[in-house]
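What follows is run.cif (mmCIF, C-alpha atoms).
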data_protein
#
loop_
_atom_site.label_atom_id
_atom_site.label_comp_id
_atom_site.auth_asym_id
_atom_site.auth_seq_id
_atom_site.Cartn_x
_atom_site.Cartn_y
_atom_site.Cartn_z
CA MET A 1 42.42 6.02 24.36
CA LEU A 2 46.10 5.65 25.26
CA GLN A 3 45.49 5.90 29.00
CA ASP A 4 42.90 3.12 28.87
CA ARG A 5 45.36 0.95 26.94
CA LEU A 6 48.18 1.47 29.43
CA ARG A 7 45.99 0.95 32.50
CA GLN A 8 45.33 -2.64 31.49
CA TYR A 9 48.78 -3.76 32.65
CA GLY A 10 49.13 -4.97 36.23
CA ASP A 11 52.82 -5.86 36.05
CA ALA A 12 55.67 -3.42 35.66
CA GLU A 13 57.54 -5.29 32.90
CA ASN A 14 54.66 -5.55 30.42
CA PHE A 15 53.53 -2.02 31.29
CA ALA A 16 56.99 -0.64 30.56
CA ALA A 17 57.07 -2.50 27.25
CA ALA A 18 53.67 -1.04 26.34
CA VAL A 19 54.87 2.48 27.21
CA VAL A 20 57.97 2.03 25.06
CA MET A 21 55.82 0.82 22.16
CA ALA A 22 53.29 3.66 22.55
CA ALA A 23 56.12 6.18 22.69
CA ALA A 24 57.78 4.74 19.57
CA GLU A 25 54.43 5.01 17.73
CA ARG A 26 54.54 8.71 18.51
CA GLY A 27 58.18 9.27 17.60
CA PHE A 28 59.74 9.08 21.09
CA ARG A 29 62.60 6.71 21.90
CA PHE A 30 63.45 5.31 25.31
CA THR A 31 63.91 1.86 26.85
CA GLY A 32 61.91 -0.29 29.23
CA GLU A 33 64.67 0.30 31.80
CA ASP A 34 64.11 4.06 31.48
CA VAL A 35 60.43 3.54 32.21
CA GLU A 36 61.00 1.27 35.20
CA GLU A 37 63.58 3.68 36.60
CA ALA A 38 61.08 6.53 36.39
CA MET A 39 58.45 4.37 38.09
CA GLN A 40 60.82 3.53 40.94
CA ALA A 41 61.78 7.17 41.41
CA ASN A 42 58.12 8.20 41.48
CA LEU A 43 57.25 5.49 43.99
CA ARG A 44 60.13 6.51 46.23
CA ALA A 45 59.04 10.14 46.12
CA TRP A 46 55.46 9.12 46.82
CA PHE A 47 56.28 7.15 49.97
CA GLU A 48 58.84 9.69 51.19
CA ARG A 49 56.12 12.34 50.98
CA LEU A 50 53.84 10.15 53.12
CA VAL A 51 56.54 9.73 55.73
CA VAL A 52 57.25 13.47 55.85
CA ARG A 53 53.57 14.17 56.28
CA MET B 1 38.07 24.24 32.20
CA THR B 2 37.36 22.82 28.76
CA ALA B 3 35.29 19.74 28.11
CA ALA B 4 38.50 17.84 27.29
CA ALA B 5 40.04 18.82 30.63
CA HIS B 6 36.85 17.70 32.34
CA LEU B 7 37.28 14.21 30.93
CA GLN B 8 40.80 13.96 32.30
CA LEU B 9 39.64 14.23 35.94
CA LYS B 10 36.84 11.74 35.66
CA ASP B 11 37.73 8.57 37.59
CA TRP B 12 40.71 10.34 39.19
CA LEU B 13 41.10 10.84 42.93
CA PRO B 14 42.82 13.73 44.76
CA ALA B 15 45.75 12.13 46.56
CA ALA B 16 47.63 15.07 48.00
CA LEU B 17 47.49 18.82 48.47
CA PHE B 18 50.70 20.79 48.90
CA ARG B 19 52.18 24.25 48.46
CA GLN B 20 54.99 24.90 46.01
CA ASP B 21 56.29 28.10 44.45
CA GLY B 22 53.68 30.10 46.31
CA ARG B 23 50.74 28.11 44.97
CA PHE B 24 48.69 25.20 46.18
CA TRP B 25 48.62 22.09 44.00
CA VAL B 26 46.63 18.87 43.94
CA ASP B 27 48.13 15.53 42.92
CA TRP B 28 45.64 13.05 41.51
CA VAL B 29 45.85 9.28 41.04
CA TYR B 30 43.72 7.12 38.78
CA GLN B 31 40.97 5.47 40.81
CA GLY B 32 38.72 4.13 38.09
CA ARG B 33 35.45 2.66 39.29
CA ASP B 34 36.88 1.05 42.42
CA ARG B 35 35.21 1.94 45.70
CA LEU B 36 37.18 3.23 48.68
CA LEU B 37 37.03 0.25 51.03
CA GLU B 38 40.21 0.23 53.07
CA PRO B 39 39.99 1.22 56.77
CA PHE B 40 41.95 4.39 56.00
CA PHE B 41 42.21 6.54 52.88
CA ASP B 42 45.96 6.05 52.71
CA GLY B 43 45.35 2.31 52.38
CA ASP B 44 43.23 2.90 49.28
CA LEU B 45 45.91 5.20 47.87
CA ASN B 46 48.61 2.60 48.44
CA LEU B 47 46.50 0.06 46.58
CA ARG B 48 46.18 2.49 43.69
CA MET B 49 49.96 2.88 43.65
CA HIS B 50 50.32 -0.83 42.88
CA LEU B 51 48.97 -0.06 39.41
CA PRO B 52 52.01 0.55 37.16
CA PHE B 53 50.09 3.31 35.40
CA ASN B 54 49.86 5.27 38.65
CA GLN B 55 53.54 4.72 39.33
CA LEU B 56 54.44 6.51 36.13
CA PHE B 57 51.56 8.89 35.46
CA ARG B 58 49.76 11.16 37.86
CA GLN B 59 48.04 14.45 37.27
CA ARG B 60 48.84 17.66 39.02
CA THR B 61 46.49 20.63 38.92
CA GLY B 62 46.26 23.97 40.65
CA ILE B 63 43.86 24.16 43.57
CA ASP B 64 41.41 26.18 41.47
CA SER B 65 40.83 23.10 39.31
CA LEU B 66 39.14 21.53 42.32
CA GLY B 67 36.61 24.35 42.18
CA GLU B 68 36.10 23.97 38.45
CA TRP B 69 35.67 20.22 38.90
CA HIS B 70 33.14 20.86 41.68
CA GLU B 71 31.13 23.08 39.31
CA LEU B 72 31.27 20.57 36.45
CA GLN B 73 30.96 17.32 38.39
CA PRO B 74 29.84 17.91 41.98
CA GLY B 75 30.28 14.99 44.33
CA LEU B 76 27.65 13.58 46.64
CA GLN B 77 26.32 15.89 49.33
CA PRO B 78 27.68 14.68 52.70
CA SER B 79 25.15 12.66 54.67
CA GLY B 80 27.17 12.62 57.85
CA PHE B 81 30.44 13.48 59.54
CA ILE B 82 32.22 11.30 62.07
CA PHE B 83 34.40 13.00 64.69
CA HIS B 84 36.14 11.04 67.44
CA MET B 85 38.75 10.99 70.17
CA SER B 86 40.74 8.15 68.49
CA ARG B 87 40.88 4.42 69.25
CA CYS B 88 37.19 4.47 70.05
CA GLY B 89 35.41 2.53 67.32
CA SER B 90 35.36 5.24 64.66
CA THR B 91 37.04 2.96 62.12
CA LEU B 92 34.58 0.20 62.98
CA LEU B 93 31.67 2.54 62.32
CA SER B 94 33.14 3.91 59.08
CA GLN B 95 33.85 0.39 57.84
CA MET B 96 30.30 -0.71 58.66
CA LEU B 97 29.00 2.22 56.59
CA ALA B 98 31.47 1.45 53.78
CA ALA B 99 30.14 -2.12 53.66
CA LEU B 100 27.00 -0.74 52.00
CA PRO B 101 27.47 -0.20 48.24
CA GLN B 102 25.25 2.88 48.30
CA ASN B 103 27.76 4.66 50.56
CA VAL B 104 31.01 6.48 49.82
CA VAL B 105 33.12 6.69 52.98
CA ILE B 106 36.24 8.85 53.22
CA SER B 107 38.32 7.84 56.21
CA GLU B 108 40.90 10.30 57.53
CA ALA B 109 41.96 11.45 54.08
CA GLY B 110 45.32 13.17 53.82
CA PRO B 111 44.05 15.78 51.33
CA ILE B 112 41.35 16.85 53.81
CA ASP B 113 43.98 17.13 56.55
CA ALA B 114 46.13 19.19 54.19
CA VAL B 115 43.26 21.59 53.48
CA LEU B 116 42.59 22.00 57.21
CA ARG B 117 46.29 22.72 57.80
CA ALA B 118 46.70 24.97 54.76
CA GLY B 119 46.38 28.08 56.92
CA GLU B 120 49.52 27.02 58.80
CA VAL B 121 51.43 26.86 55.52
CA ASP B 122 49.97 30.13 54.19
CA PRO B 123 48.94 32.42 57.07
CA GLU B 124 47.27 34.81 54.61
CA LEU B 125 44.73 32.17 53.67
CA SER B 126 41.32 33.25 54.98
CA GLU B 127 39.01 30.84 56.80
CA GLN B 128 36.42 31.50 54.12
CA GLN B 129 38.83 30.41 51.36
CA GLN B 130 39.97 27.40 53.36
CA MET B 131 36.41 26.20 53.94
CA LEU B 132 35.67 26.70 50.24
CA TRP B 133 38.64 24.44 49.48
CA LEU B 134 37.30 21.94 52.01
CA ARG B 135 33.97 21.82 50.19
CA TRP B 136 35.76 21.38 46.86
CA MET B 137 38.02 18.63 48.22
CA ILE B 138 35.17 16.69 49.82
CA SER B 139 33.23 17.04 46.57
CA ALA B 140 36.16 15.60 44.58
CA LEU B 141 36.69 12.76 47.05
CA GLY B 142 32.99 12.04 47.32
CA GLN B 143 32.34 11.19 43.69
CA PRO B 144 30.16 8.16 43.00
CA ARG B 145 32.42 5.64 41.27
CA GLN B 146 30.01 2.87 40.37
CA GLY B 147 26.83 4.83 39.79
CA GLY B 148 24.70 3.51 42.62
CA GLU B 149 26.21 5.50 45.47
CA ARG B 150 23.82 7.92 47.17
CA HIS B 151 25.40 8.82 50.50
CA LEU B 152 28.75 10.28 51.51
CA PHE B 153 30.32 10.01 54.95
CA VAL B 154 33.53 11.67 56.05
CA LYS B 155 35.47 10.41 59.05
CA PHE B 156 37.82 13.15 60.13
CA ALA B 157 41.10 12.68 61.99
CA SER B 158 40.65 13.01 65.74
CA TRP B 159 42.42 16.36 66.00
CA HIS B 160 40.05 17.87 63.39
CA THR B 161 37.49 17.94 66.22
CA LEU B 162 39.27 21.13 67.28
CA LEU B 163 38.01 22.65 64.02
CA LEU B 164 34.42 21.43 64.44
CA GLU B 165 33.02 24.94 64.69
CA ARG B 166 34.40 26.09 61.37
CA ILE B 167 33.66 22.75 59.65
CA ARG B 168 30.07 23.11 60.81
CA ARG B 169 29.99 26.63 59.35
CA ALA B 170 31.15 25.19 56.01
CA PHE B 171 28.58 22.37 56.18
CA PRO B 172 25.76 23.68 58.38
CA ALA B 173 23.20 21.05 57.36
CA VAL B 174 25.34 17.92 57.80
CA PRO B 175 24.55 15.81 60.89
CA TRP B 176 27.57 14.68 62.87
CA ILE B 177 28.53 12.40 65.69
CA PHE B 178 31.33 12.34 68.23
CA LEU B 179 32.62 8.93 69.24
CA TYR B 180 34.44 8.45 72.52
CA ARG B 181 35.56 5.70 74.87
CA ASP B 182 36.68 5.10 78.44
CA PRO B 183 39.80 7.33 78.57
CA VAL B 184 41.87 4.62 80.27
CA GLU B 185 41.33 2.29 77.31
CA VAL B 186 42.16 5.01 74.76
CA LEU B 187 45.32 5.98 76.63
CA VAL B 188 46.51 2.37 76.88
CA SER B 189 46.03 2.01 73.13
CA GLN B 190 47.82 5.26 72.30
CA LEU B 191 50.74 4.53 74.58
CA GLN B 192 51.11 1.09 73.03
CA GLN B 193 51.19 2.57 69.53
CA ARG B 194 51.06 6.32 69.35
CA GLY B 195 49.03 7.92 66.58
CA PRO B 196 50.98 10.66 64.75
CA GLN B 197 48.69 13.36 66.10
CA LEU B 198 49.81 12.52 69.61
CA VAL B 199 53.49 12.99 68.82
CA PRO B 200 54.45 16.63 69.45
CA SER B 201 57.17 16.64 66.80
CA ILE B 202 54.67 15.49 64.14
CA LEU B 203 51.58 17.55 65.02
CA GLY B 204 52.40 20.75 66.85
CA PRO B 205 51.10 20.72 70.43
CA GLU B 206 50.29 24.44 70.40
CA ARG B 207 46.95 23.65 68.79
CA PHE B 208 46.09 21.70 71.96
CA GLY B 209 47.13 24.57 74.22
CA ILE B 210 50.53 23.09 75.11
CA ASP B 211 53.84 24.72 74.25
CA PHE B 212 56.42 22.52 72.55
CA ALA B 213 59.02 22.62 75.32
CA SER B 214 56.46 21.50 77.88
CA ALA B 215 55.11 18.85 75.52
CA VAL B 216 58.44 17.10 75.05
CA ALA B 217 59.32 17.41 78.73
CA MET B 218 56.17 15.87 80.15
CA ARG B 219 55.52 12.17 80.52
CA PRO B 220 53.87 10.57 77.46
CA GLU B 221 50.73 9.59 79.39
CA GLU B 222 50.21 13.17 80.50
CA TYR B 223 50.75 14.57 77.01
CA CYS B 224 48.35 12.09 75.45
CA ALA B 225 45.74 12.71 78.14
CA ARG B 226 45.94 16.47 77.65
CA VAL B 227 45.63 16.19 73.86
CA LEU B 228 42.63 13.86 74.14
CA SER B 229 41.13 16.23 76.70
CA ALA B 230 41.36 19.14 74.25
CA ILE B 231 39.67 17.05 71.56
CA CYS B 232 36.82 15.93 73.82
CA ARG B 233 36.32 19.45 75.17
CA ALA B 234 35.98 20.79 71.61
CA ALA B 235 33.27 18.24 70.89
CA LEU B 236 31.42 19.07 74.11
CA GLN B 237 31.41 22.74 73.22
CA GLN B 238 29.72 22.02 69.89
CA CYS B 239 27.34 19.22 70.73
CA SER B 240 24.47 21.20 72.14
CA ALA B 241 23.14 21.76 68.62
CA GLY B 242 20.49 19.34 67.42
CA ASP B 243 22.66 18.06 64.59
CA ALA B 244 24.99 16.10 66.90
CA LYS B 245 24.92 12.70 68.58
CA LEU B 246 27.35 11.40 71.18
CA ILE B 247 28.23 7.72 70.89
CA ASN B 248 30.16 5.72 73.46
CA TYR B 249 32.30 2.85 72.16
CA THR B 250 30.25 0.51 74.35
CA GLN B 251 27.22 1.19 72.14
CA LEU B 252 28.95 -0.25 69.07
CA PRO B 253 28.30 -2.12 66.93
CA GLN B 254 24.64 -2.39 67.87
CA ALA B 255 23.97 1.36 67.59
CA ALA B 256 25.40 1.65 64.07
CA GLY B 257 22.35 0.47 62.18
CA GLY B 258 19.91 2.71 63.98
CA LEU B 259 22.35 5.61 63.85
CA ALA B 260 22.67 5.21 60.08
CA SER B 261 18.92 5.19 59.62
CA THR B 262 17.72 7.80 62.07
CA HIS B 263 20.54 10.28 62.46
CA PHE B 264 22.14 10.04 59.03
CA GLY B 265 18.93 9.42 57.12
CA LEU B 266 19.85 6.15 55.40
CA ASP B 267 17.11 3.82 54.26
CA CYS B 268 18.68 0.54 55.40
CA SER B 269 17.22 -2.77 54.28
CA ARG B 270 17.51 -6.03 56.17
CA GLU B 271 20.38 -7.00 53.85
CA ASP B 272 22.09 -3.66 54.63
CA HIS B 273 21.96 -4.42 58.34
CA ALA B 274 23.28 -7.92 57.67
CA ARG B 275 26.19 -6.48 55.68
CA MET B 276 27.03 -4.06 58.46
CA ASN B 277 26.90 -6.82 61.04
CA ARG B 278 29.16 -9.05 58.96
CA ARG B 279 31.70 -6.24 58.78
CA ALA B 280 31.43 -5.65 62.52
CA ALA B 281 32.51 -9.27 63.08
CA LEU B 282 35.90 -8.42 61.58
CA ASP B 283 38.74 -6.39 63.05
CA ALA B 284 38.12 -2.79 62.03
CA LYS B 285 41.70 -1.98 61.04
CA THR B 286 42.82 -5.46 59.94
CA PRO B 287 39.77 -7.04 58.31
CA GLU B 288 41.61 -10.29 57.62
CA LEU B 289 41.27 -10.95 61.36
CA PRO B 290 38.11 -11.49 63.40
CA PHE B 291 37.07 -8.80 65.86
CA ALA B 292 38.37 -9.37 69.38
CA ALA B 293 37.04 -7.39 72.31
CA ASP B 294 39.90 -5.75 74.14
CA SER B 295 38.43 -3.46 76.79
CA ALA B 296 39.14 -5.86 79.65
CA ALA B 297 42.70 -6.41 78.49
CA LYS B 298 43.29 -2.67 78.21
CA GLN B 299 41.90 -2.05 81.68
CA GLU B 300 44.18 -4.75 83.06
CA ARG B 301 47.23 -3.26 81.35
CA ALA B 302 46.58 0.24 82.62
CA GLN B 303 49.26 1.24 85.09
CA GLN B 304 48.52 3.65 87.90
CA SER B 305 50.25 6.51 86.07
CA ILE B 306 47.86 6.09 83.14
CA ARG B 307 44.82 5.94 85.40
CA ALA B 308 45.96 9.05 87.24
CA GLN B 309 46.40 11.08 84.06
CA ALA B 310 43.15 9.75 82.60
CA GLU B 311 41.25 10.90 85.68
CA ALA B 312 43.04 14.23 86.00
CA TRP B 313 42.61 15.35 82.40
CA LEU B 314 39.70 13.32 81.09
CA GLY B 315 37.64 12.09 84.04
CA PRO B 316 35.32 15.10 84.38
CA ILE B 317 35.01 15.48 80.59
CA TYR B 318 34.17 11.82 80.12
CA ARG B 319 31.51 12.00 82.80
CA GLU B 320 30.04 15.09 81.18
CA LEU B 321 30.02 13.35 77.80
CA GLU B 322 28.20 10.44 79.39
CA GLN B 323 25.70 12.75 81.03
CA ARG B 324 25.08 14.68 77.81
CA ARG B 325 24.84 11.47 75.82
CA THR B 326 21.70 10.55 77.69
CA GLN B 327 20.04 13.90 77.06
CA PRO B 328 17.28 13.82 74.43
CA ASN B 329 18.98 15.94 71.73
CA THR B 330 22.35 14.16 71.86
CA ALA B 331 21.35 10.71 73.01
CA TRP B 332 21.40 7.69 70.87
#
What's the structure tokens form of this structure?
Amino acid sequence: MLQDRLRQYGDAENFAAAVVMAAAERGFRFTGEDVEEAMQANLRAWFERLVVR
Amino acid sequence: MTAAAHLQLKDWLPAALFRQDGRFWVDWVYQGRDRLLEPFFDGDLNLRMHLPFNQLFRQRTGIDSLGEWHELQPGLQPSGFIFHMSRCGSTLLSQMLAALPQNVVISEAGPIDAVLRAGEVDPELSEQQQMLWLRWMISALGQPRQGGERHLFVKFASWHTLLLERIRRAFPAVPWIFLYRDPVEVLVSQLQQRGPQLVPSILGPERFGIDFASAVAMRPEEYCARVLSAICRAALQQCSAGDAKLINYTQLPQAAGGLASTHFGLDCSREDHARMNRRAALDAKTPELPFAADSAAKQERAQQSIRAQAEAWLGPIYRELEQRRTQPNTAW
């Protein structure tokens, strides 16, 4: 399963590369930088929510 | 919920509950088969957020999915609830219980706090609905992850003691304890590093019977003492039932093993007791460090203003807790 495959990666760079590859296999195109940017934005939002709470 | 949707919540953990566009939503993170072992739930969540997968992908469901999940995959029935006045050994006790692989321990989980505060966000939410959500949330949090877990313990935030009566209505058969400590020592700790529930701008003081203007105007030691007094009073009002035990910090860690066996119904082996004792030798909140007794140091640091507020607002309540603790139905 795709989720199981992507959860194997403990480092952001290899994970992003795997996401890009999995996306390309399914006809979607974006870069590793796009993925890492999205991860950073999500992390920021996550910790900001904790602070607000 | 379809069978496929059921599979997508397996091994996931509710991380947050919030209201948006008039509805309540649950954010989930992937937990896998890892146990919850950090002193506080937020610590486990932060560990999960180190996984790149969780940084990019999380699930979000409506609150009703919690109910569907509870029907399809109910969590462990709670074996015990831990209520406390803060800074009184509650984390030590929860960590000792978490040291046993047959236990799932939820320690001051944000999603539980969010459920208990949901009525403040949506005043039309009935208590009945809120307590149903609480049962669903505890069920989702209390899933066995490795297959051998048999017992579930929930340590609530200290201010949740104010809601003891309704929590007991939602879980009438679950035994509970209230942990407390010499008020001077608790006050010294809180004034050194205030917990968020003792900051009036973070947790509204009205729930403790104090208006906001008064709360911000009074000295910090008085505010803290009055909040702690409200928490202890709430526990006293509920503890006459046979399902409660009062535990003084001074009884830890020795009382933990017997408490687990007799009050919470655990069948603890010699190895279980050894595990709990090994955990008790470590600092409860920073397990990389050894435990260091600090009561004497706290008593020495207590200024007269702290002692005065402790006696004024907590002295009689503490003495009543001590007196009740030695009564047969609440003694340990």
Contacts of chain B with chain A up to 10 Å, shortest pair per row, all atoms listed in the file, as a Markdown table:
| residue | atom | partner | partner_atom | distance |
| --- | --- | --- | --- | --- |
| B:Gln8 | CA | A:Gln3 | CA | 9.9 |
| B:Ala16 | CA | A:Arg49 | CA | 9.4 |
| B:Tyr30 | CA | A:Arg7 | CA | 9.1 |
| B:Gly32 | CA | A:Arg7 | CA | 9.7 |
| B:Asp42 | CA | A:Leu50 | CA | 8.9 |
| B:Asn46 | CA | A:Phe47 | CA | 9.0 |
| B:Met49 | CA | A:Leu43 | CA | 7.8 |
| B:His50 | CA | A:Gly10 | CA | 7.9 |
| B:Leu51 | CA | A:Gly10 | CA | 5.9 |
| B:Pro52 | CA | A:Ala12 | CA | 5.6 |
| B:Phe53 | CA | A:Arg7 | CA | 5.5 |
| B:Asn54 | CA | A:Arg7 | CA | 8.5 |
| B:Gln55 | CA | A:Met39 | CA | 5.1 |
| B:Leu56 | CA | A:Met39 | CA | 4.9 |
| B:Phe57 | CA | A:Met39 | CA | 8.6 |
| B:Arg58 | CA | A:Asn42 | CA | 9.6 |
| B:Gly110 | CA | A:Arg53 | CA | 8.7 |
| B:Ala114 | CA | A:Arg53 | CA | 9.2 |
| B:Pro196 | CA | A:Arg53 | CA | 9.5 |
| B:Ile202 | CA | A:Arg53 | CA | 8.0 |
| B:Leu203 | CA | A:Arg53 | CA | 9.6 |
Selection result of the PyMOL selection byres ((chain B and resi 269-284) around 10) on this file, as a compact mmCIF listing (two decimals) with C-alpha atoms, keeping the file's coordinate frame:
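And here's expr_32.txt as it stands now:
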# COMPACT_ATOMS: atom_id res chain seq x y z
CA GLU B 38 40.21 0.23 53.07
CA PRO B 39 39.99 1.22 56.77
CA GLY B 89 35.41 2.53 67.32
CA SER B 90 35.36 5.24 64.66
CA THR B 91 37.04 2.96 62.12
CA LEU B 92 34.58 0.20 62.98
CA LEU B 93 31.67 2.54 62.32
CA SER B 94 33.14 3.91 59.08
CA GLN B 95 33.85 0.39 57.84
CA MET B 96 30.30 -0.71 58.66
CA LEU B 97 29.00 2.22 56.59
CA ALA B 98 31.47 1.45 53.78
CA ALA B 99 30.14 -2.12 53.66
CA LEU B 100 27.00 -0.74 52.00
CA PRO B 101 27.47 -0.20 48.24
CA GLN B 102 25.25 2.88 48.30
CA LEU B 252 28.95 -0.25 69.07
CA PRO B 253 28.30 -2.12 66.93
CA GLN B 254 24.64 -2.39 67.87
CA ALA B 256 25.40 1.65 64.07
CA GLY B 257 22.35 0.47 62.18
CA GLY B 258 19.91 2.71 63.98
CA ALA B 260 22.67 5.21 60.08
CA SER B 261 18.92 5.19 59.62
CA LEU B 266 19.85 6.15 55.40
CA ASP B 267 17.11 3.82 54.26
CA CYS B 268 18.68 0.54 55.40
CA LYS B 285 41.70 -1.98 61.04
CA THR B 286 42.82 -5.46 59.94
CA PRO B 287 39.77 -7.04 58.31
CA GLU B 288 41.61 -10.29 57.62
CA LEU B 289 41.27 -10.95 61.36
CA PRO B 290 38.11 -11.49 63.40
CA PHE B 291 37.07 -8.80 65.86
CA ALA B 292 38.37 -9.37 69.38
CA ALA B 293 37.04 -7.39 72.31
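The spacing separating CA of Asp27 (chain B) from CA of Ser79 (chain B) amounts to 26.0 Å.
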>> When the PyMOL selection byres ((chain B and resi 35) around 12) is applied to the structure above, which residues does it catch, written out as a PyMOL selection string?
In response: chain B and resi 11-13+31-34+36-38+41+44-45+47-48+98-106+141-149
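From CA of Glu320 (chain B) back to CA of Arg233 (chain B), the distance works out to 9.7 Å.
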> Could you pull the residues within 6 Å of region 124-140 of chain B, counting only C-alpha atoms, minus those fewer than 5 positions along the same chain, as a VMD selection string?
Replying inline: chain B and resid 66 to 67 70 74 to 75 119 170
> By how many Å are CA of Arg60 (chain B) and CA of Gln20 (chain B) apart?
Replying inline: 11.8 Å
> Near Arg29 (chain A), counting only C-alpha atoms, which residues have an atom at most 8 Å away, once you skip same-chain residues fewer than 3 positions from it, shown as a VMD selection string?
Replying inline: chain A and resid 20 23 to 24
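Distances here use only C-alpha atoms; by that measure, the residue among B:Ser214, B:Thr262, B:Ser201, B:Ser295 closest to Arg181 (chain B) is B:Ser295.
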> Between B:Ala302, B:Cys232, B:Ala244, B:Leu191, which one has atoms that come closest to Ala173 (chain B), using only C-alpha atoms?
Replying inline: B:Ala244
>> Need to verify the contact set: region 155-163 of chain B, 9 Å, all atoms listed in the file, exclusion of same-chain residues closer than 4 positions in sequence. Can you return it as a PyMOL selection string?
In response: chain B and resi 80-86+90-91+94+105-109+112-113+116+167-168+178+197+207-208+227-228+230-235
Please return region 13-27 of chain A, rebuilt to N, CA and C atoms, as a PDB file, in the frame of the given file.
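Output file selection-v7.pdb is given in full below:
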ATOM      1  N   GLU A  13      56.760  -4.979  34.102  1.00  0.00           N
ATOM      2  CA  GLU A  13      57.540  -5.290  32.900  1.00  0.00           C
ATOM      3  C   GLU A  13      56.704  -5.093  31.619  1.00  0.00           C
ATOM      4  N   ASN A  14      55.519  -5.680  31.620  1.00  0.00           N
ATOM      5  CA  ASN A  14      54.660  -5.550  30.420  1.00  0.00           C
ATOM      6  C   ASN A  14      54.179  -4.125  30.249  1.00  0.00           C
ATOM      7  N   PHE A  15      53.930  -3.424  31.376  1.00  0.00           N
ATOM      8  CA  PHE A  15      53.530  -2.020  31.290  1.00  0.00           C
ATOM      9  C   PHE A  15      54.638  -1.201  30.654  1.00  0.00           C
ATOM     10  N   ALA A  16      55.860  -1.397  31.104  1.00  0.00           N
ATOM     11  CA  ALA A  16      56.990  -0.640  30.560  1.00  0.00           C
ATOM     12  C   ALA A  16      57.141  -0.901  29.069  1.00  0.00           C
ATOM     13  N   ALA A  17      56.967  -2.154  28.679  1.00  0.00           N
ATOM     14  CA  ALA A  17      57.070  -2.500  27.250  1.00  0.00           C
ATOM     15  C   ALA A  17      55.989  -1.778  26.453  1.00  0.00           C
ATOM     16  N   ALA A  18      54.778  -1.710  27.020  1.00  0.00           N
ATOM     17  CA  ALA A  18      53.670  -1.040  26.340  1.00  0.00           C
ATOM     18  C   ALA A  18      53.935   0.461  26.218  1.00  0.00           C
ATOM     19  N   VAL A  19      54.542   1.043  27.253  1.00  0.00           N
ATOM     20  CA  VAL A  19      54.870   2.480  27.210  1.00  0.00           C
ATOM     21  C   VAL A  19      55.916   2.737  26.136  1.00  0.00           C
ATOM     22  N   VAL A  20      56.913   1.875  26.070  1.00  0.00           N
ATOM     23  CA  VAL A  20      57.970   2.030  25.060  1.00  0.00           C
ATOM     24  C   VAL A  20      57.357   1.971  23.663  1.00  0.00           C
ATOM     25  N   MET A  21      56.454   0.999  23.468  1.00  0.00           N
ATOM     26  CA  MET A  21      55.820   0.820  22.160  1.00  0.00           C
ATOM     27  C   MET A  21      54.962   2.042  21.818  1.00  0.00           C
ATOM     28  N   ALA A  22      54.165   2.504  22.781  1.00  0.00           N
ATOM     29  CA  ALA A  22      53.290   3.660  22.550  1.00  0.00           C
ATOM     30  C   ALA A  22      54.119   4.892  22.245  1.00  0.00           C
ATOM     31  N   ALA A  23      55.243   5.028  22.918  1.00  0.00           N
ATOM     32  CA  ALA A  23      56.120   6.180  22.690  1.00  0.00           C
ATOM     33  C   ALA A  23      56.723   6.122  21.296  1.00  0.00           C
ATOM     34  N   ALA A  24      57.172   4.913  20.901  1.00  0.00           N
ATOM     35  CA  ALA A  24      57.780   4.740  19.570  1.00  0.00           C
ATOM     36  C   ALA A  24      56.765   5.086  18.486  1.00  0.00           C
ATOM     37  N   GLU A  25      55.490   4.700  18.710  1.00  0.00           N
ATOM     38  CA  GLU A  25      54.430   5.010  17.730  1.00  0.00           C
ATOM     39  C   GLU A  25      54.284   6.509  17.537  1.00  0.00           C
ATOM     40  N   ARG A  26      54.694   7.255  18.554  1.00  0.00           N
ATOM     41  CA  ARG A  26      54.540   8.710  18.510  1.00  0.00           C
ATOM     42  C   ARG A  26      55.867   9.432  18.302  1.00  0.00           C
ATOM     43  N   GLY A  27      56.895   8.669  17.960  1.00  0.00           N
ATOM     44  CA  GLY A  27      58.180   9.270  17.600  1.00  0.00           C
ATOM     45  C   GLY A  27      59.121   9.497  18.769  1.00  0.00           C
TER      46      GLY A  27
END
